[in-house]
Amino acid sequence: MRVMEDTEDWNARAGTSQSRTFKILAQMTGTEKGLYPPDHKDLNAPVTEKESCTVLCFPKSGPAPSLGKVSGPAPRGPDRPAPQPHPQDLDSLVQRAEHMPASTRTPVCKKCNNIIRGPFLVALGMSWHPEEFNCDHCHSSLAEGFVEEKGNLYCTRCYEDMFAPTCFSCQQKILGKAVNALKQTWHMSCFVCTACHRPIGGNTFHMEDGQAYCEQDFYSLFGTNCHGCDFPIEAGDKFLEALGFTWHDTCFVCTVCCASLEGQPFFSKKDKPLCKKHAHSVNV
């Protein structure tokens, strides 16, 4: 019967009314004055509080920021080639002094014979105070370059004025290796073949109408092959003209017996030379 009487406590209640069992428990625990904790909110009560939210603000102008993920460093572009020196400077006589920082080493200056304390220069296997490494003629600093001539050191300007020859082609002073040809002096890069314009350097060249040609272009343009051996007739070779062809002197022989016909009377058959003995030979 008790269970039957208390079943009314399990019926749904509207609003905020409590069951009798709940009230009895509240009286036993002394919490009948505060049936709900202070922070309790009635789910059925009307909402009167203002909801708050967070707003992300962006600049008025410009695109909105985008999110991404960095997967790795940016790809590198191709390496730039190292600059190449001008051909005239490849064999330059200009030398550079090596700048050395101060160290525990105490070198002796070549100029004043005193110990160097601080930075110094090294040139020609010797050490110098920077302020005493100067041109033997104009006494300007040689820290950026010098030329050695007959045991003395000169700046490039003094060397050009006093010793350097002038190139016949470009009329500039030669500070490197030079070519002496055709009674003139040339830069290695200025003495070139008239046909291909490549530097001849110290290679063999040939002259034709006062112009210099490399060996390959000379024979391709002006060279003549021997009618006997079909090899080119080079400069200095002895040759002769006969039967409308050019021959090495050693190649102009009888077709039958190979006797030399140089300076000898000869006969020809089918454009082939024959000695007097085989002038009437059938098998030629």
# chains A, B, ... in the order shown; residues from 1 in each chain; ligands from 1

call {"tool": "residues_around", "arguments": {"residues": "Gln211 (chain A)", "least_positions_apart": "4", "cutoff": "9 Å", "atoms": "only C-alpha atoms", "output": "mmCIF file with all heavy atoms, in the first residue's frame"}}
result
data_model
loop_
_atom_site.group_PDB
_atom_site.id
_atom_site.type_symbol
_atom_site.label_atom_id
_atom_site.label_comp_id
_atom_site.auth_asym_id
_atom_site.auth_seq_id
_atom_site.Cartn_x
_atom_site.Cartn_y
_atom_site.Cartn_z
ATOM 1 N N CYS A 193 92.922 34.149 -87.045
ATOM 2 C CA CYS A 193 92.841 33.715 -88.434
ATOM 3 C C CYS A 193 91.888 34.626 -89.207
ATOM 4 O O CYS A 193 90.813 34.975 -88.713
ATOM 5 C CB CYS A 193 92.373 32.265 -88.492
ATOM 6 S SG CYS A 193 91.990 31.652 -90.145
ATOM 7 N N THR A 194 92.262 34.993 -90.400
ATOM 8 C CA THR A 194 91.423 35.877 -91.218
ATOM 9 C C THR A 194 90.104 35.205 -91.585
ATOM 10 O O THR A 194 89.086 35.883 -91.755
ATOM 11 C CB THR A 194 92.177 36.285 -92.498
ATOM 12 O OG1 THR A 194 93.417 36.881 -92.133
ATOM 13 C CG2 THR A 194 91.376 37.271 -93.330
ATOM 14 N N HIS A 206 99.813 30.480 -91.960
ATOM 15 C CA HIS A 206 100.303 30.712 -93.316
ATOM 16 C C HIS A 206 99.803 32.060 -93.796
ATOM 17 O O HIS A 206 98.768 32.556 -93.345
ATOM 18 C CB HIS A 206 99.842 29.601 -94.263
ATOM 19 C CG HIS A 206 100.276 28.229 -93.830
ATOM 20 N ND1 HIS A 206 101.512 27.711 -94.150
ATOM 21 C CD2 HIS A 206 99.639 27.274 -93.103
ATOM 22 C CE1 HIS A 206 101.615 26.501 -93.633
ATOM 23 N NE2 HIS A 206 100.496 26.214 -93.004
ATOM 24 N N MET A 207 100.541 32.638 -94.721
ATOM 25 C CA MET A 207 100.197 33.954 -95.251
ATOM 26 C C MET A 207 99.656 33.830 -96.671
ATOM 27 O O MET A 207 100.133 33.000 -97.461
ATOM 28 C CB MET A 207 101.442 34.849 -95.259
ATOM 29 C CG MET A 207 102.004 35.137 -93.885
ATOM 30 S SD MET A 207 100.866 36.097 -92.865
ATOM 31 C CE MET A 207 100.706 37.589 -93.848
#

call {"tool": "select_by_dssp", "arguments": {"residues": "region 170-228 of chain A", "states": "strand (DSSP E)", "output": "ChimeraX atom specification"}}
result
/A:178-181,184-187,205-208,211-214

call {"tool": "residues_around", "arguments": {"residues": "region 114-129 of chain A", "least_positions_apart": "5", "cutoff": "7 Å", "atoms": "only C-alpha atoms", "output": "number ranges by chain"}}
result
A: 97-102, 106-109

call {"tool": "write_last_selection", "arguments": {"atoms": "N, CA, C and O atoms", "output": "compact mmCIF listing (two decimals), in the first residue's frame"}}
result
# COMPACT_ATOMS: atom_id res chain seq x y z
N ALA A 97 98.63 40.64 -54.15
CA ALA A 97 99.17 40.36 -52.82
C ALA A 97 98.07 39.73 -51.96
O ALA A 97 96.89 40.03 -52.11
N GLU A 98 98.47 38.84 -51.07
CA GLU A 98 97.53 38.16 -50.18
C GLU A 98 97.44 38.93 -48.87
O GLU A 98 98.46 39.20 -48.22
N HIS A 99 96.21 39.30 -48.49
CA HIS A 99 95.99 40.04 -47.25
C HIS A 99 95.90 39.06 -46.09
O HIS A 99 95.05 38.17 -46.08
N MET A 100 96.74 39.24 -45.09
CA MET A 100 96.79 38.34 -43.94
C MET A 100 96.39 39.08 -42.67
O MET A 100 96.84 40.21 -42.44
N PRO A 101 95.53 38.48 -41.84
CA PRO A 101 95.16 39.14 -40.58
C PRO A 101 96.27 39.01 -39.55
O PRO A 101 97.20 38.22 -39.70
N ALA A 102 96.16 39.81 -38.50
CA ALA A 102 97.14 39.74 -37.41
C ALA A 102 97.02 38.39 -36.71
O ALA A 102 95.94 37.83 -36.56
N THR A 106 104.93 36.45 -36.14
CA THR A 106 105.56 37.76 -36.21
C THR A 106 106.48 37.82 -37.42
O THR A 106 107.70 37.61 -37.30
N PRO A 107 105.95 38.08 -38.62
CA PRO A 107 106.80 38.15 -39.81
C PRO A 107 107.63 39.42 -39.83
O PRO A 107 107.34 40.39 -39.13
N VAL A 108 108.65 39.42 -40.67
CA VAL A 108 109.53 40.58 -40.82
C VAL A 108 109.23 41.25 -42.16
O VAL A 108 109.14 40.59 -43.19
N CYS A 109 109.07 42.55 -42.15
CA CYS A 109 108.75 43.30 -43.36
C CYS A 109 109.94 43.32 -44.29
O CYS A 109 111.09 43.58 -43.88

call {"tool": "residues_around", "arguments": {"residues": "Cys229 (chain A)", "least_positions_apart": "5", "cutoff": "10 Å", "atoms": "only C-alpha atoms", "output": "list in words"}}
result
Trp247, His248, Thr250, Cys251 and Phe252 of chain A

call {"tool": "closest_residue", "arguments": {"among": "A:Cys226, A:Val147, A:Ala212, A:Leu142", "to": "Ala164 (chain A)", "atoms": "only C-alpha atoms"}}
result
A:Val147

call {"tool": "select_by_dssp", "arguments": {"residues": "region 76-201 of chain A", "states": "helix (DSSP H, G or I)", "output": "PyMOL selection string"}}
result
chain A and resi 87-89+130-132+156-162

call {"tool": "atom_distance", "arguments": {"atom1": "CA of Arg96 (chain A)", "atom2": "CA of Val192 (chain A)"}}
result
29.5 Å

call {"tool": "atom_distance", "arguments": {"atom1": "CA of Gly201 (chain A)", "atom2": "CA of Met188 (chain A)"}}
result
5.4 Å

call {"tool": "residues_around", "arguments": {"residues": "Val256 (chain A)", "least_positions_apart": "3", "cutoff": "10 Å", "atoms": "only C-alpha atoms", "output": "CSV table (one decimal) with C-alpha atoms, in the first residue's frame"}}
result
chain,number,residue,atom,x,y,z
A,253,VAL,CA,107.5,9.6,-111.8
A,259,ALA,CA,111.6,6.5,-112.4
A,272,LYS,CA,99.7,9.6,-116.8
A,273,PRO,CA,103.4,10.4,-117.2
A,274,LEU,CA,105.8,7.9,-118.9
A,275,CYS,CA,109.5,7.9,-119.3
A,277,LYS,CA,111.5,3.9,-122.4
A,278,HIS,CA,107.9,3.2,-121.6
A,279,ALA,CA,106.3,5.8,-123.8
A,281,SER,CA,103.7,0.9,-123.2
A,283,ASN,CA,99.5,-1.5,-120.0
A,284,VAL,CA,99.0,2.0,-118.4

call {"tool": "residues_around", "arguments": {"residues": "Glu131 (chain A)", "least_positions_apart": "3", "cutoff": "9 Å", "atoms": "only C-alpha atoms", "output": "ChimeraX atom specification"}}
result
/A:128,134,141,143

call {"tool": "closest_residue", "arguments": {"among": "A:Tyr154, A:Phe239, A:Phe222, A:Phe146", "to": "Glu262 (chain A)", "atoms": "only C-alpha atoms"}}
result
A:Phe239

call {"tool": "residues_around", "arguments": {"residues": "region 174-185 of chain A", "least_positions_apart": "4", "cutoff": "7 Å", "atoms": "only C-alpha atoms", "output": "PyMOL selection string"}}
result
chain A and resi 89+91-93+164-168+201

call {"tool": "write_last_selection", "arguments": {"atoms": "C-alpha atoms", "output": "mmCIF file, in the first residue's frame"}}
result
data_model
loop_
_atom_site.group_PDB
_atom_site.id
_atom_site.type_symbol
_atom_site.label_atom_id
_atom_site.label_comp_id
_atom_site.auth_asym_id
_atom_site.auth_seq_id
_atom_site.Cartn_x
_atom_site.Cartn_y
_atom_site.Cartn_z
ATOM 1 C CA ASP A 89 93.586 38.537 -68.874
ATOM 2 C CA ASP A 91 97.839 35.007 -68.855
ATOM 3 C CA SER A 92 98.139 38.409 -67.237
ATOM 4 C CA LEU A 93 101.424 39.412 -65.636
ATOM 5 C CA ALA A 164 104.451 47.028 -71.865
ATOM 6 C CA PRO A 165 104.328 46.753 -75.689
ATOM 7 C CA THR A 166 101.328 47.942 -77.680
ATOM 8 C CA CYS A 167 99.131 45.463 -79.530
ATOM 9 C CA PHE A 168 99.204 46.037 -83.291
ATOM 10 C CA GLY A 201 98.310 31.816 -80.659
#

call {"tool": "atom_distance", "arguments": {"atom1": "CA of Phe245 (chain A)", "atom2": "CA of Glu208 (chain A)"}}
result
20.9 Å
